[in-house]
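Chemist: Please find coords-v6.cif (mmCIF, C-alpha atoms) on the next line:
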```cif
data_input
loop_
_atom_site.label_atom_id
_atom_site.label_comp_id
_atom_site.auth_asym_id
_atom_site.auth_seq_id
_atom_site.Cartn_x
_atom_site.Cartn_y
_atom_site.Cartn_z
CA MET A 203 -8.80 14.13 80.55
CA SER A 204 -5.65 12.00 80.63
CA ASN A 205 -5.63 8.23 80.22
CA ASN A 206 -4.50 7.94 83.83
CA GLU A 207 -7.60 9.84 85.01
CA ILE A 208 -9.84 7.62 82.87
CA ASP A 209 -8.17 4.51 84.31
CA ILE A 210 -8.72 5.87 87.83
CA ALA A 211 -12.41 6.50 87.05
CA PHE A 212 -12.70 2.97 85.59
CA MET A 213 -11.12 1.35 88.66
CA ALA A 214 -13.30 3.38 91.06
CA LEU A 215 -16.49 2.43 89.18
CA LYS A 216 -15.40 -1.21 88.81
CA THR A 217 -14.71 -1.40 92.57
CA LEU A 218 -18.06 0.21 93.35
CA SER A 219 -19.82 -2.30 91.09
CA GLN A 220 -18.02 -5.20 92.80
CA ASN A 221 -19.10 -3.91 96.20
CA LYS A 222 -22.74 -3.34 95.16
CA GLY A 223 -23.05 -6.10 92.55
CA TYR A 224 -24.12 -3.54 89.93
CA LEU A 225 -23.80 0.15 89.01
CA LEU A 226 -26.59 2.67 88.66
CA PHE A 227 -26.53 5.17 85.81
CA ASP A 228 -26.38 7.79 88.59
CA ASP A 229 -23.13 6.17 89.84
CA LEU A 230 -21.75 6.31 86.31
CA GLU A 231 -22.73 9.96 85.95
CA ARG A 232 -21.07 10.92 89.25
CA GLY A 233 -17.97 8.85 88.48
CA THR A 234 -17.42 10.39 85.04
CA GLU A 235 -17.75 14.09 85.83
CA GLY A 236 -15.26 16.05 83.75
CA LEU A 237 -15.09 13.42 80.98
CA SER A 238 -16.10 14.17 77.41
CA LEU A 239 -19.02 12.29 75.86
CA ASN A 240 -16.61 10.11 73.85
CA GLU A 241 -14.64 9.29 77.01
CA VAL A 242 -17.85 8.39 78.88
CA ASP A 243 -18.94 6.17 75.95
CA TRP A 244 -15.56 4.46 75.90
CA LEU A 245 -15.55 4.01 79.68
CA THR A 246 -19.14 2.68 79.66
CA ASN A 247 -18.22 0.18 76.96
CA ARG A 248 -15.15 -0.87 78.94
CA LEU A 249 -17.27 -1.39 82.07
CA LEU A 250 -19.97 -3.35 80.20
CA THR A 251 -17.49 -5.60 78.41
CA SER A 252 -15.77 -6.31 81.73
CA GLY A 253 -19.09 -7.67 83.06
CA VAL A 254 -20.33 -4.68 85.07
CA GLU A 255 -24.13 -4.42 85.29
CA ILE A 256 -25.38 -0.85 84.75
CA CYS A 257 -28.99 -0.32 85.84
CA ASP A 258 -31.56 2.46 86.07
CA ASP A 259 -32.54 1.21 89.53
CA ALA A 260 -31.31 -1.45 91.96
CA PRO A 261 -32.14 -4.89 90.46
CA ASP A 262 -35.09 -6.75 92.02
CA THR A 263 -32.71 -9.49 93.15
CA ILE A 264 -30.89 -6.89 95.25
CA LYS A 265 -34.09 -5.21 96.52
CA LYS A 266 -35.52 -8.57 97.62
CA GLY A 267 -32.43 -9.46 99.61
CA PRO A 268 -30.88 -12.79 98.64
CA GLY A 269 -28.55 -13.01 95.67
CA LEU A 270 -29.21 -14.54 92.29
CA LYS A 271 -28.48 -18.11 93.35
CA GLN A 272 -31.25 -18.03 95.94
CA THR A 273 -33.96 -16.46 93.80
CA THR A 274 -36.29 -18.10 91.34
CA LYS A 275 -34.71 -19.45 88.20
CA CYS A 276 -34.54 -17.46 84.99
CA GLY A 277 -37.11 -18.15 82.29
CA TYR A 278 -36.67 -20.35 79.25
CA LEU A 279 -34.17 -18.58 77.04
CA ALA A 280 -35.59 -18.97 73.54
CA GLY A 281 -38.96 -17.64 74.67
CA THR A 282 -37.61 -14.84 76.85
CA LEU A 283 -38.19 -11.27 75.73
CA LEU A 284 -34.99 -9.29 76.21
CA TYR A 285 -34.44 -5.57 76.61
CA LEU A 286 -31.39 -3.60 75.56
CA LYS A 287 -29.89 -1.92 78.60
CA TYR A 288 -27.72 0.87 77.27
CA LYS A 289 -28.21 4.51 78.22
CA ALA A 290 -31.64 5.74 77.13
CA LEU A 291 -32.07 3.38 74.15
CA LYS A 292 -35.22 1.26 74.24
CA ALA A 293 -35.09 -1.94 72.21
CA THR A 294 -36.56 -5.42 72.53
CA GLY A 295 -35.55 -8.71 71.03
CA ARG A 296 -35.11 -12.40 71.67
CA MET A 297 -33.04 -15.39 70.67
CA ILE A 298 -34.98 -17.47 68.18
CA ALA A 299 -32.27 -20.10 67.61
CA PRO A 300 -28.72 -20.66 68.88
CA LYS A 301 -27.25 -18.31 66.25
CA LYS A 302 -30.27 -16.15 65.50
CA PHE A 303 -31.40 -13.07 67.37
CA VAL A 304 -34.34 -10.89 66.33
CA VAL A 305 -34.83 -7.23 67.28
CA TYR A 306 -38.40 -6.03 67.05
CA LYS A 307 -39.93 -3.22 65.01
CA GLY A 308 -40.00 0.08 66.90
CA SER A 309 -36.74 -0.61 68.73
CA GLU A 310 -34.54 2.45 68.97
CA TYR A 311 -31.00 2.79 67.71
CA ASN A 312 -28.29 5.37 68.30
CA GLU A 313 -27.96 7.48 65.16
CA VAL A 314 -24.35 8.40 66.00
CA ILE A 315 -21.63 5.76 65.96
CA THR A 316 -18.44 5.84 68.01
CA SER A 317 -14.88 5.40 66.82
CA SER A 318 -14.83 1.85 68.26
CA CYS A 319 -17.59 0.77 65.85
CA THR A 320 -16.12 -1.72 63.36
CA ALA A 321 -16.37 -1.38 59.59
CA ALA A 322 -18.54 -4.53 59.45
CA ILE A 323 -21.08 -2.99 61.84
CA GLU A 324 -21.01 0.34 59.97
CA ASN A 325 -21.68 -1.59 56.74
CA LYS A 326 -24.57 -3.52 58.33
CA ARG A 327 -26.11 -0.28 59.60
CA ARG A 328 -25.73 1.34 56.17
CA GLU A 329 -27.34 -1.71 54.52
CA LEU A 330 -30.30 -1.63 56.93
CA MET A 331 -30.75 2.10 56.36
CA GLN A 332 -30.64 1.67 52.57
CA LEU A 333 -33.28 -1.06 52.86
CA GLY A 334 -35.42 1.30 54.95
CA LYS A 335 -35.29 -0.99 58.01
CA MET A 336 -33.52 1.67 60.12
CA LYS A 337 -35.03 5.13 59.88
CA ASN A 338 -35.19 8.17 62.17
CA GLY A 339 -33.72 6.34 65.17
CA ARG A 340 -36.12 3.35 65.01
CA LEU A 341 -36.38 -0.02 63.31
CA THR A 342 -39.25 0.00 60.82
CA GLU A 343 -39.59 -3.81 60.91
CA ASP A 344 -38.28 -6.82 62.81
CA VAL A 345 -34.61 -7.43 61.97
CA GLN A 346 -32.77 -10.72 62.39
CA PHE A 347 -29.07 -10.86 63.35
CA GLY A 348 -26.54 -13.66 63.72
CA SER A 349 -25.99 -12.95 67.42
CA SER A 350 -27.07 -10.79 70.33
CA SER A 351 -23.75 -8.94 70.12
CA THR A 352 -24.20 -8.04 66.45
CA ALA A 353 -27.71 -6.81 67.22
CA ALA A 354 -26.47 -4.68 70.14
CA LYS A 355 -23.52 -3.29 68.18
CA VAL A 356 -25.77 -2.27 65.27
CA LEU A 357 -28.29 -0.57 67.59
CA ILE A 358 -25.74 1.13 69.82
CA GLY A 359 -23.17 1.98 67.14
CA ASN A 360 -20.41 0.89 69.47
CA SER A 361 -18.45 -2.23 70.30
CA VAL A 362 -20.38 -4.00 73.08
CA ASN A 363 -20.96 -7.50 74.43
CA GLY A 364 -24.54 -8.57 73.67
CA ASN A 365 -24.48 -11.11 76.47
CA VAL A 366 -24.11 -8.22 78.91
CA VAL A 367 -26.36 -5.48 77.47
CA TRP A 368 -29.44 -7.63 76.75
CA VAL A 369 -31.45 -8.36 79.92
CA ASP A 370 -34.78 -9.98 80.76
CA SER A 371 -37.62 -8.28 82.66
CA ASN A 372 -36.01 -9.30 85.98
CA GLY A 373 -32.66 -7.71 85.09
CA TYR A 374 -30.84 -10.99 84.39
CA THR A 375 -28.29 -10.58 81.61
CA LEU A 376 -28.31 -12.86 78.61
CA LYS A 377 -25.02 -14.24 79.96
CA GLN A 378 -26.77 -15.21 83.21
CA LEU A 379 -29.71 -16.71 81.32
CA LEU A 380 -27.40 -18.80 79.14
CA ALA A 381 -25.52 -20.04 82.21
CA GLU A 382 -28.80 -20.95 83.93
CA ASN A 383 -30.01 -22.85 80.84
CA GLU A 384 -26.71 -24.72 80.67
CA LYS A 385 -27.06 -25.72 84.33
CA ARG A 386 -30.58 -26.99 83.66
CA ALA A 387 -29.42 -28.90 80.60
CA ASN A 388 -26.73 -30.55 82.73
CA GLY A 389 -29.26 -31.46 85.43
CA GLU A 390 -27.83 -29.15 88.08
#
```
Kindly present the structure from the file in structure tokens form.
Modeler:
Amino acid sequence: MSNNEIDIAFMALKTLSQNKGYLLFDDLERGTEGLSLNEVDWLTNRLLTSGVEICDDAPDTIKKGPGLKQTTKCGYLAGTLLYLKYKALKATGRMIAPKKFVVYKGSEYNEVITSSCTAAIENKRRELMQLGKMKNGRLTEDVQFGSSSTAAKVLIGNSVNGNVVWVDSNGYTLKQLLAENEKRANGE
């Protein structure tokens, strides 16, 4: 597919997400018909890094009616269990300090990396595999990372924004949780 066709697919999906407030994986599947797997990966990454929410199902905040600002506040960040929301991967983790993020044993990782994966992330994956911490698509023990983005990049094997792909049980992104915590800290 040509770059122009990919750009058209991106704009159509971005517009749909702005109208709905999120995208479903079904929307993504319909909007990327005719694209190769690499093109879909690239487009998904582009959507995620531009702030688009991609969900299995409509978020509870949408199902319940009012938007995020009128629903109950997000939980305390450091104690909040987070889930990786990227295709079919299942992974859990949490922030344990401002620059520390742990991903728990049993979390899945993508065994194939994309061309947008940086050398540093490839090296980290190789190191974890050599140490036996990544094996057969799963983490064999809890693994600590310097940030949510590094954790997500290592698991996904692609360049992604951890603040967008890690969500809590209510579907709030880490970015939203951080913003909520900052508001609370400022007394808002």
Chemist: Give me the result of the PyMOL selection byres ((chain A and resi 361-374) around 7) on this file, residue by residue, as a list in words.
Modeler: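 Matching residues under the PyMOL selection byres ((chain A and resi 361-374) around 7) are Asn247, Leu250, Thr251, Gly253, Pro261, Asp262, Thr282, Leu283, Leu284, Tyr285, Leu286, Lys287, Tyr288, Ser318, Cys319, Ser350, Ser351, Ala354, Lys355, Asn360, Thr375, Leu376, Lys377, Gln378 and Leu379 of chain A.
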Chemist: Quick one: pull the distance between CA of Gly295 (chain A) and CA of Ser349 (chain A), Å, one decimal.
Modeler: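 The value is 11.1 Å.
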Chemist: Once the PyMOL selection byres ((chain A and resi 322-326) around 12) has been evaluated on this model, what residues remain selected, and can you format them as a PyMOL selection string?
Modeler: chain A and resi 313-321+327-333+335-336+345-348+351-362
Chemist: Could you work out how far CA of Leu237 (chain A) lies from CA of Glu207 (chain A), giving the answer in Å with one decimal?
Modeler: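 Taking CA of Glu207 (chain A) as the start and CA of Leu237 (chain A) as the end point, the length is 9.2 Å.
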Chemist: Could you tell me which residues the PyMOL selection byres ((chain A and resi 299) around 10) returns for this structure, as a PyMOL selection string?
Modeler: chain A and resi 279-280+296-298+300-304+348-349
Chemist: Identify which of the residues A:Leu341, A:Leu245, A:Leu226, A:Ala381 lies closest to Asn312 (chain A), counting all atoms listed in the file when measuring atom-to-atom distances.
Modeler: A:Leu341
Chemist: May I ask which of the residues A:Glu384, A:Lys292, A:Gly389, A:Val254 is the closest one to Leu225 (chain A), counting all atoms listed in the file?
Modeler: A:Val254
Chemist: List as number ranges by chain the protein and nucleic acid residues near Thr217 (chain A), meaning an atom at most 12 Å away when only C-alpha atoms are counted, but skip any in the same chain fewer than 5 places from it.
Modeler: A: 210-212, 222-225, 229, 233, 249, 252, 254
